[in-house]
Amino acid sequence: MSRVVLAHLHCWYGQTHAVDDVTLVVGDGELCVLLGPTGCGKTSTLRMIAGFVRPAAGDIFLDGRRINDLYPGDRNIAMIFQSYALYPHMTVRQQFAFPLKATKMPAREIEQRIKETADFLHMHEFLDRYPGELSAGQQQRVAVGRALIRRPKLFLMDEPLSQLDARLRVEMRATLRRLQQDLGITTIYVTHDQMEAQSVADKIVVMNQGRIQQIGSPLEIYARPANLFVAGFIGSPPMNFLDCRLEQRQGQLYVCNDRFAFPLRPDLADRVGRVSLGQPLVLGIRPEHIRLSPEAQANAVPAEVYVLEPQSSELIVDLKLGDLILKMRGDKREIGFRPHLSQQVWMEFQQDHLHLFDKGTEVCIL
Amino acid sequence: MKVLKRALGIALALLVAAVFLFPLLWVVLSSFKTKLELLAVPPVFIFKPTLQNYINAFRSDFPLQVRNSLIIAVSTTVISITLGSLTAYGFSRYTIKGSDFLQFWILSLRMLPAIAVVVPFYLVFRTLGLLDRHIALILVYCLFNISFAVWVLKGFFDEIPLELEEAAMLDGYSPPQVFLKVSLPLARAGLATTAIFCLIQSLNEFLLAVSLTTRVAETAPVGLSKVQTLMGVDWGLLSAGSIVFMLPVVIFTVIVRNELVRGMSFGRMR
């Protein structure tokens, strides 16, 4: 049973407020991903939990015990580093034994643990090799093994897959996830890759400029982004944004700008009721939530096909709306017609998946 | 064409080696010659070798002088490596106020010409009653070699990724243990290189040795120089002594040659 609580953590590097008031609860056996762009404070947060950096303010609890002042080695935390940090002068067997020797474990028990770990990771034939003699994927497994062998309370992973090539990365992320679920080890995982985050996480924490932007399940983060940053960071290709405002016309609420106007569904209109008319807003719609039609439709927005990007089974269409480029994504068969360059088409936004943000505060209002 | 190029290369390498090794060969041959053969013109290369020069050398003060040299050189090297690696590690891993200034100051000690400090050192050691004692030379050699060791070793410690040490900290090792079990073994190429240079410097040093010792702590280079007397030079004895004196460094170099190659090239660790 291990539960991690971060309470109002702050970290400064000189004048930079690297981590700004981070509060987070990671439940037992949960895999929590800290997601954000470079320099967003995710790695600094991880390093404070590991004990390499002292928080300027705030508390870190592991199983109800405050660990701020504990030496890294006394926290019972294991970490997989971005570079794996394998000791170049030790064989795999010695790497595995290294953390156990620190605990003064008897030699026979160490042997036993090494055998178990090697079985588990299928590493037997590599036990007497040096890290330099292993492939990137094997090195990664050694790093995992060295972390696992201590049976830590908490697993920290700092971009554990970033050194692998694309194919191996997809393979290893499934392996890591399976392993973490089998062992039920509470894990905090840092990455800047939102696809990776979506595929392994129980819970995603999106960070930017040292602050937590949103905490939620992968689906929540995708479907109900709390603000413009989260909306734009999650999803591939990213969400389309259009400046707009709300107007009242013939008793109906319209979303409009210079190029289009369409009525907002009444139930949605009720939800945004408090927003004053004419206030600058940003409309957000994901590429997969735009429907295309070759003929004019009521309430659809006309646009011109700009680029076609065929994927294996899907098609990404870049659409030109004035000087803006929007992307739409759809299954080739479901699009229903074959768009060609410079064709005039009509876009219909699926209102269930429509997002509206306040342009000033960037907060989601729908 | 390729074969020709390669042959030319080998020939050139052999030529260079021959030029550099010829004096050494001369000394080796001389050490086995009698006085008459030594001075023969033109020089003889084929003769009946004699061990008389070596026997003479070992019957003189020479063994005592070699012993002195070894005591002083080994002590200097051990102290320099120990203190040097600790200091270098400190500079490499911790933020120290005035770090740059301190490092430059340490380096500047190495730049100090020995001749400038001979007289002050002589006076200091005379006052302390340390003249003609091993400790005097050890202290002075440490002055030069520690600063050298700090500079060379800092480069090696800088190259060790911080993450390796962090991993060891998380694995449950205290900072001194991390230093001993991770950082030091990874800097061993640097340690070997530094040790060789310290050893060579303190074995070869002449000026300070001749000034600060007279008999009891006299080192081999000083002793050998005294073979050149008013009565002429005993070249045979000098050659035999030089050969014996060369051996410790040669042996040590052979032992650590693998580390040395990596150390000299300042190669990155893999």
# chains A, B, ... in the order shown; residues from 1 in each chain; ligands from 1
call {"tool": "interface_residues", "arguments": {"of": "chain A", "to": "chain B", "cutoff": "9 Å", "atoms": "only C-alpha atoms", "output": "PyMOL selection string"}}
result
chain A and resi 50-52+71-89+98-103+131-132+146-147+150
call {"tool": "select_by_dssp", "arguments": {"residues": "stretch 222-270 of chain A", "states": "strand (DSSP E)", "output": "VMD selection string"}}
result
chain A and resid 240 to 249 252 to 256 261 to 263
call {"tool": "residues_around", "arguments": {"residues": "stretch 262-264 of chain A", "least_positions_apart": "2", "cutoff": "9 Å", "atoms": "only C-alpha atoms", "output": "VMD selection string"}}
result
chain A and resid 249 252 to 256 260 266 to 269 298 to 301 351
call {"tool": "atom_distance", "arguments": {"atom1": "atom CA of A:Ile290", "atom2": "atom CA of A:Leu319"}}
result
10.8 Å
call {"tool": "residues_around", "arguments": {"residues": "A:Val363", "least_positions_apart": "2", "cutoff": "12 Å", "atoms": "only C-alpha atoms", "output": "ChimeraX atom specification"}}
result
/A:213-214,224-231,281-284,355-361,365-366
call {"tool": "write_last_selection", "arguments": {"atoms": "N, CA and C atoms", "output": "CSV table (one decimal), in the first residue's frame"}}
result
chain,number,residue,atom,x,y,z
A,213,GLN,N,-2.2,22.2,-14.8
A,213,GLN,CA,-3.3,22.7,-15.6
A,213,GLN,C,-4.6,22.0,-15.4
A,214,GLN,N,-4.4,20.6,-15.3
A,214,GLN,CA,-5.6,19.8,-15.2
A,214,GLN,C,-5.1,18.4,-14.7
A,224,ARG,N,-12.7,16.7,-22.0
A,224,ARG,CA,-13.1,17.9,-21.3
A,224,ARG,C,-11.9,18.7,-20.8
A,225,PRO,N,-11.1,19.2,-21.8
A,225,PRO,CA,-9.9,20.0,-21.4
A,225,PRO,C,-10.3,21.2,-20.6
A,226,ALA,N,-9.6,21.5,-19.5
A,226,ALA,CA,-10.0,22.6,-18.6
A,226,ALA,C,-9.7,24.0,-19.2
A,227,ASN,N,-8.7,24.0,-20.1
A,227,ASN,CA,-8.3,25.3,-20.6
A,227,ASN,C,-7.7,25.2,-22.0
A,228,LEU,N,-7.4,26.3,-22.6
A,228,LEU,CA,-6.8,26.3,-23.9
A,228,LEU,C,-5.5,25.5,-24.0
A,229,PHE,N,-4.6,25.6,-23.0
A,229,PHE,CA,-3.4,24.9,-23.0
A,229,PHE,C,-3.6,23.4,-23.1
A,230,VAL,N,-4.4,22.8,-22.3
A,230,VAL,CA,-4.6,21.4,-22.2
A,230,VAL,C,-5.3,21.0,-23.6
A,231,ALA,N,-6.2,21.8,-24.0
A,231,ALA,CA,-6.9,21.5,-25.3
A,231,ALA,C,-5.9,21.4,-26.4
A,281,LEU,N,-14.3,35.1,-27.6
A,281,LEU,CA,-14.1,33.6,-27.2
A,281,LEU,C,-13.3,32.9,-28.2
A,282,VAL,N,-12.9,31.7,-27.8
A,282,VAL,CA,-12.2,30.8,-28.8
A,282,VAL,C,-13.0,29.5,-28.9
A,283,LEU,N,-13.3,29.2,-30.1
A,283,LEU,CA,-14.0,27.9,-30.4
A,283,LEU,C,-12.9,26.9,-30.6
A,284,GLY,N,-13.1,25.7,-30.0
A,284,GLY,CA,-12.1,24.6,-30.2
A,284,GLY,C,-12.9,23.4,-30.7
A,355,HIS,N,-16.0,23.0,-28.1
A,355,HIS,CA,-15.5,23.6,-26.8
A,355,HIS,C,-15.4,25.1,-27.0
A,356,LEU,N,-15.8,25.8,-26.0
A,356,LEU,CA,-15.6,27.3,-26.0
A,356,LEU,C,-14.8,27.7,-24.9
A,357,PHE,N,-13.8,28.6,-25.2
A,357,PHE,CA,-12.9,29.1,-24.1
A,357,PHE,C,-13.0,30.6,-24.1
A,358,ASP,N,-12.8,31.1,-22.9
A,358,ASP,CA,-12.8,32.6,-22.7
A,358,ASP,C,-11.4,33.0,-23.3
A,359,LYS,N,-11.4,34.0,-24.2
A,359,LYS,CA,-10.1,34.3,-24.8
A,359,LYS,C,-9.1,35.0,-23.8
A,360,GLY,N,-9.7,35.7,-22.8
A,360,GLY,CA,-8.9,36.4,-21.9
A,360,GLY,C,-8.3,35.4,-20.9
A,361,THR,N,-9.1,34.6,-20.2
A,361,THR,CA,-8.7,33.8,-19.1
A,361,THR,C,-8.2,32.4,-19.6
A,365,ILE,N,-15.4,27.3,-21.1
A,365,ILE,CA,-16.7,27.6,-20.6
A,365,ILE,C,-17.7,26.7,-21.1
A,366,LEU,N,-17.3,25.8,-22.1
A,366,LEU,CA,-18.3,24.8,-22.6
A,366,LEU,C,-17.5,23.6,-23.0
call {"tool": "atom_distance", "arguments": {"atom1": "atom CA of A:Asp193", "atom2": "atom CA of A:Val33"}}
result
10.3 Å
call {"tool": "residues_around", "arguments": {"residues": "stretch 43-51 of chain B", "least_positions_apart": "3", "cutoff": "6 Å", "atoms": "only C-alpha atoms", "output": "list in words"}}
result
Phe32, Lys33, Ala40 and Tyr54 of chain B
call {"tool": "write_last_selection", "arguments": {"atoms": "C-alpha atoms", "output": "PDB file, in the first residue's frame"}}
result
ATOM      1  CA  PHE B  32      77.200  -4.319 -20.328  1.00  0.00           C
ATOM      2  CA  LYS B  33      80.515  -2.982 -21.650  1.00  0.00           C
ATOM      3  CA  ALA B  40      86.242   2.536 -28.323  1.00  0.00           C
ATOM      4  CA  TYR B  54      75.672  -3.751 -12.245  1.00  0.00           C
TER       5      TYR B  54
END
call {"tool": "atom_distance", "arguments": {"atom1": "atom CA of B:Gln228", "atom2": "atom CA of B:Phe121"}}
result
26.6 Å
call {"tool": "closest_residue", "arguments": {"among": "A:Arg291, A:His17, A:Arg54, A:Arg151", "to": "A:Glu334", "atoms": "only C-alpha atoms"}}
result
A:Arg291
